[in-house]
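Novice: Okay, here's the structure, questions in a sec.
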Amino acid sequence: MGSEEVLRELATDLQRIIRATAETVGSGQTSELVDKVTDWLGVPLSQVVVVGRQWESWEHANLQRGVDAYLAERGTGPEWFGLVGGHRGNEELVSMLASARRHGMYELGAVDFATAAIGPDEATEVVQLGLITTKAPDGTRVVIGVRGANPQFGQAMCRVEVLSVARETATVVRDRVEHLMSVHDVFRGQVLAFGTSENRGNELLTFLPRPKLADEDVVLPDGVLDAIERHTVSIASHGERLLAAGQHLKRGLLLHGPPGTGKTHTVRYLMGRLPGSTVIVLTGLAMRYITKAAELARRLQPSLVVLEDVDLIAQDRSHTPMGNPLLFTLLDAMDGVGHDADVTFLLTTNRAEELERALADRPGRVDLAIEIPKPDAEGRLKLLRLYGRGVDLTADLGPVVEQSEGVTASFVKELLRRAALRSIVEDPDRTPVTVGDRELTAALSEMNEAHNALTRSLLGNGSGA
Ligand SMILES: Nc1ncnc2c1ncn2[C@@H]1O[C@H](COP(=O)(O)OP(=O)(O)O)[C@@H](O)[C@H]1O
Ligand SMILES: [Mg+2]
């Protein structure tokens with residue numbers, strides 16, 4: 001902890017004590033809620049010391065995990081209690097207790113629970129506002145208070161507050177909870193994405209399922225996927241020996257190429273090839289969370305930070321005389337992760353040129369750039385077969401391969417879907433769905449027609465885009 005932070009905490013503590021004292025002096029009222037705390041601690045409220053810490057709202061599940069593990073360690077089986085009444089905004093727990101005593105504003109009541117995600121389709125119950133009596137490792141009695149974020153009431157972070165007779169005791173407990181949070185970190189090894197919750201207006205870290213793609217699902221020219229895996233998966237699996245040999249682990253990989261060629265597809269494939277890695281995905285607007293994402297990546301190593309379509313930020317026109325602020329923040333964040341960290345930054349872009357200058361000006365961030373090209377004839381044939389897997393593909397593929405020169409992989413995928421749809425519309429009862437020359441040729445000319453120019457450029461047809 002920095003000395004500035006110590007001072008800030010001290011100041012906060014002093015404020016709390018002064019406030020608590022002022023509010024309790026001369027108050028003869030009793031409060032079941034306050035008694036529950038003071039009876040346990042054995043001192044009046046004015047002598048209670050509080051040590052707290054707060055975290056980003058999305059750490060709530062970790063906070064709960066840490067507190068639960070702490071309670072399990074101390075071997076007590078106490079019950080949470082809550083407080084009701086008042087407005088329960090951004091007040092400190094001690095002030096709430098003081099108000100309870102002085103104005104009867106808060107009373108002993110049920111605990112507030114909420115749910116927090118701990119996986120793509122798993123959630124856990126967390127205490128949104130509650131207190132619990134327990135002991136410090138040395139046996140001293142303490143009370144732990146937990147609060148979730150409550151952005152509507154100006155409480156952006158979640159926090160823990162440890163109430164005790166002595167500052168050191170409370171600090172020990174708080175630090176132990178924090179340690180246990182990292183031991184039981186729910187984010188480790190997960191696929192995570194940053195975003196914003198529209199209804200709550202706060203930042204979110206959501207869990208995504210980890211995609212599982214086979215090698216043959218990714219159609220790229222020979223050697224391309226190998227080179228990508230060497231730079232990501234291989235470095236990860238030989239990390240210790242590389243470090244021992246004086247090599248660094250951190251790496252930056254840029255996948256560039258026209259839209260629809262499979263950059264995102266390849267990223268998804270890699271996620272499946274790195275099952276033990278934490279993945280943090282930032283797309284579009286979420287790119288502004290890059291600093292937080294880099295922090296998480298460092299904490300949750302081995303990890304993969306995916307920065308999708310970085311050209312979007314390279315194009316950001318809010319330039320300063322120094323250049324593009326968000327792009328610089330991104331490069332700084334990449335730089336801020338130590339060389340020994342097992343962290344991969346995986347960037348994708350449709351416009352490598354836009355990034356080139358920025359990256360060239362500050363070398364060392366991206367150490368491998370790989371082009372994901374449009375498929376050649378062999379690639380198009382493989383793609384036709386890949387996306388024709390679910391149908392009876394009787395068409396002669398040679399002519400289609402020839403006539404589709406310059407299209408992207410996603411174009412071929414869409415071509416098969418349209419051909420299958422034609423077949424189904426024509427003969428709804430035929431199973432399996434058959435795609436013959438007629439359907440495939442019709443679908444191809446449909447997609448090639450002039451009035452489909454927009455679709456064509458969206459899907460990345462060579463003649464259009
Ligand atoms: N190289 C490829 N091999 C197999 N399928 C691909 C390939 N490229 C694209 N696709 C298919 O097209 C879809 C869109 O491609 P995507 O990876 O999003 O393109 P990009 O990110 O390069 O713009 C993918 O989800 C995948 O189904
Ligand atoms: Mg993409």
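Chain lettering (A, B, ...) mirrors the order of the structure tokens, residue numbering begins at 1 for each chain separately, and ligand numbering begins at 1 in order of display.
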Which of region 19-197 of chain A end up as helix (DSSP H, G or I) when DSSP is run on this backbone - answer as an MDAnalysis selection string?

Specialist: chainID A and resid 19:24 32:41 45:47 57:74 93:103 151:153 167:183

Novice: With only C-alpha atoms and all ligand atoms counted, collect every polymer residue having an atom within 6 Å of ligand 1; state the result as a VMD selection string.

Specialist: chain A and resid 217 to 220 259 to 265 409 to 410

Novice: Restricting the calculation to only C-alpha atoms, which member of A:Leu205, A:Leu249, A:Leu180, A:Ile372 is positioned closest to Val337 (chain A)?

Specialist: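 Result for the nearest residue to Val337 (chain A): A:Leu249.
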
Novice: Restricting the calculation to only C-alpha atoms and all ligand atoms: of A:Thr291, A:Ala333, A:Lys382, A:Val267, which residue gets closest to ligand 2?

Specialist: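 Answer, going by the shortest atom-to-atom distance: A:Val267.
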
Novice: Give me the residues near Asp121 (chain A) as JSON, numbers by chain, where near means some atom within 12 Å (using only C-alpha atoms) and where sequence neighbours in that chain fewer than 4 positions away do not count.

Specialist: {"A": [116, 117, 190, 206, 207, 208, 209, 210]}

Novice: Keeping only N, CA and C atoms, write those residues as a PDB file, in the first residue's frame.

Specialist:
ATOM      1  N   ALA A 116     -24.954 -12.564  -8.391  1.00  0.00           N
ATOM      2  CA  ALA A 116     -23.834 -12.150  -9.232  1.00  0.00           C
ATOM      3  C   ALA A 116     -23.405 -13.355 -10.051  1.00  0.00           C
ATOM      4  N   ALA A 117     -23.074 -13.099 -11.298  1.00  0.00           N
ATOM      5  CA  ALA A 117     -22.654 -14.193 -12.173  1.00  0.00           C
ATOM      6  C   ALA A 117     -21.285 -14.704 -11.763  1.00  0.00           C
ATOM      7  N   GLN A 190     -11.707 -17.860 -17.126  1.00  0.00           N
ATOM      8  CA  GLN A 190     -12.988 -17.657 -17.803  1.00  0.00           C
ATOM      9  C   GLN A 190     -12.823 -16.788 -19.049  1.00  0.00           C
ATOM     10  N   THR A 206     -18.955  -9.419 -18.159  1.00  0.00           N
ATOM     11  CA  THR A 206     -19.831 -10.568 -18.325  1.00  0.00           C
ATOM     12  C   THR A 206     -19.034 -11.808 -18.748  1.00  0.00           C
ATOM     13  N   PHE A 207     -19.592 -12.942 -18.439  1.00  0.00           N
ATOM     14  CA  PHE A 207     -18.958 -14.211 -18.787  1.00  0.00           C
ATOM     15  C   PHE A 207     -19.502 -14.696 -20.124  1.00  0.00           C
ATOM     16  N   LEU A 208     -18.631 -15.212 -20.959  1.00  0.00           N
ATOM     17  CA  LEU A 208     -19.068 -15.790 -22.228  1.00  0.00           C
ATOM     18  C   LEU A 208     -18.679 -17.260 -22.232  1.00  0.00           C
ATOM     19  N   PRO A 209     -19.462 -18.077 -22.926  1.00  0.00           N
ATOM     20  CA  PRO A 209     -19.048 -19.478 -23.054  1.00  0.00           C
ATOM     21  C   PRO A 209     -17.783 -19.557 -23.906  1.00  0.00           C
ATOM     22  N   ARG A 210     -16.926 -20.520 -23.596  1.00  0.00           N
ATOM     23  CA  ARG A 210     -15.690 -20.667 -24.374  1.00  0.00           C
ATOM     24  C   ARG A 210     -15.984 -21.466 -25.641  1.00  0.00           C
TER      25      ARG A 210
END

Novice: Quick one, how far is CA of Arg147 (chain A) from CA of Ala297 (chain A)?

Specialist: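 CA of Arg147 (chain A) sits 25.4 Å away from CA of Ala297 (chain A).
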
Novice: Within 9 Å of Leu83 (chain A), counting only C-alpha atoms, which residues show up once you throw out same-chain ones fewer than 4 positions away? Write them as a ChimeraX atom specification, please.

Specialist: /A:33,88,96-97,106-112,129-131

Novice: Counting only C-alpha atoms and all ligand atoms, figure out which residue out of A:Arg299, A:Arg268, A:Leu326, A:Val400 gets nearest to ligand 2.

Specialist: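 Answer, going by the shortest atom-to-atom distance: A:Arg268.
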
Novice: Looking only at strand (DSSP E) from DSSP on the backbone, list the matching residues of region 47-232 of chain A as a ChimeraX atom specification.

Specialist: /A:49-56,82-84,107-109,112-119,122-135,141-147,157-164,191-196,203-208

Novice: Go ahead and save the residues from that selection, with C-alpha atoms, as a compact mmCIF listing (two decimals), in the first residue's frame.

Specialist:
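Contents of out_14.txt, as written:
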# COMPACT_ATOMS: atom_id res chain seq x y z
CA VAL A 49 -12.56 1.40 14.34
CA VAL A 50 -13.37 0.67 10.72
CA VAL A 51 -11.01 -0.56 8.04
CA GLY A 52 -12.49 -0.89 4.61
CA ARG A 53 -11.65 -1.40 1.00
CA GLN A 54 -13.62 -1.07 -2.16
CA TRP A 55 -13.47 -2.73 -5.53
CA GLU A 56 -15.05 -2.35 -8.94
CA GLY A 82 -29.08 -6.52 7.87
CA LEU A 83 -30.48 -3.13 8.42
CA VAL A 84 -33.72 -1.68 7.18
CA GLU A 107 -33.27 -0.95 12.44
CA LEU A 108 -32.12 -4.50 12.64
CA GLY A 109 -33.62 -6.32 9.70
CA ASP A 112 -30.28 -7.82 1.41
CA PHE A 113 -29.20 -10.44 -1.07
CA ALA A 114 -28.46 -10.07 -4.76
CA THR A 115 -27.11 -12.39 -7.41
CA ALA A 116 -23.83 -12.15 -9.23
CA ALA A 117 -22.65 -14.19 -12.17
CA ILE A 118 -19.79 -16.59 -11.61
CA GLY A 119 -19.86 -18.22 -15.04
CA GLU A 122 -24.04 -19.77 -13.31
CA ALA A 123 -24.79 -17.24 -10.62
CA THR A 124 -24.29 -17.04 -6.91
CA GLU A 125 -26.08 -15.30 -4.09
CA VAL A 126 -24.19 -12.32 -2.72
CA VAL A 127 -24.85 -10.08 0.25
CA GLN A 128 -25.89 -6.68 -1.06
CA LEU A 129 -25.99 -5.15 2.39
CA GLY A 130 -25.29 -7.12 5.50
CA LEU A 131 -23.17 -7.60 8.56
CA ILE A 132 -21.79 -10.61 10.30
CA THR A 133 -19.98 -11.20 13.58
CA THR A 134 -16.79 -13.21 13.51
CA LYS A 135 -13.27 -13.23 14.91
CA ARG A 141 -14.02 -10.15 17.93
CA VAL A 142 -14.80 -8.26 14.74
CA VAL A 143 -17.81 -7.47 12.59
CA ILE A 144 -17.61 -7.67 8.80
CA GLY A 145 -19.92 -5.57 6.68
CA VAL A 146 -20.43 -6.21 2.98
CA ARG A 147 -22.01 -3.90 0.42
CA MET A 157 -18.07 0.20 -6.05
CA CYS A 158 -18.64 -2.79 -3.80
CA ARG A 159 -16.90 -2.79 -0.48
CA VAL A 160 -16.05 -4.51 2.72
CA GLU A 161 -15.84 -2.81 6.11
CA VAL A 162 -14.26 -4.49 9.10
CA LEU A 163 -15.36 -3.16 12.47
CA SER A 164 -13.11 -3.80 15.43
CA VAL A 191 -13.90 -15.86 -21.01
CA LEU A 192 -14.91 -12.34 -20.07
CA ALA A 193 -16.17 -9.31 -21.93
CA PHE A 194 -16.51 -5.72 -20.84
CA GLY A 195 -19.68 -3.84 -21.53
CA THR A 196 -22.14 -1.43 -20.06
CA GLU A 203 -19.88 -1.08 -16.08
CA LEU A 204 -20.19 -4.78 -16.46
CA LEU A 205 -17.90 -7.70 -16.83
CA THR A 206 -19.83 -10.57 -18.32
CA PHE A 207 -18.96 -14.21 -18.79
CA LEU A 208 -19.07 -15.79 -22.23

Novice: From the set A:Asp427, A:Asp342, A:Asp376, A:Asp311, which residue has the shortest atom-to-atom contact distance to ligand 2, counting only C-alpha atoms and all ligand atoms?

Specialist: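 Nearest candidate to ligand 2 out of A:Asp427, A:Asp342, A:Asp376, A:Asp311: A:Asp311.
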
Novice: Under the rule that only C-alpha atoms and all ligand atoms are counted, which of A:Asp309, A:Asp437, A:Glu426, A:Glu405 is the nearest residue to ligand 2?

Specialist: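 Ranked by minimum distance to ligand 2, first place goes to A:Asp309.
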
Novice: What lies within 9 Å of Gly284 (chain A) using only C-alpha atoms, ignoring chain neighbours under 6 positions off, as a list in words?

Specialist: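 So, after excluding close chain neighbours, the residues are Leu307, Glu308, Asp309, Val310, Leu312 and Ile313 of chain A.
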
Novice: Name the residues in contact with Asp367 (chain A) at a cut-off of 7 Å, using only C-alpha atoms, excluding same-chain residues fewer than 5 positions from it; report them as a list in words.

Specialist: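 Once the adjacent positions are removed, what remains is Arg251, Gly252 and Leu253 of chain A.
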
Novice: Taking only C-alpha atoms into account, which of A:Gly336, A:His248, A:Gly257, A:Thr441 comes nearest Glu295 (chain A)?

Specialist: A:Gly336

Novice: Quote the spacing between CA of Glu414 (chain A) and CA of Glu446 (chain A) in Å to one decimal place.

Specialist: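 Distance between the two atoms: 11.4 Å.
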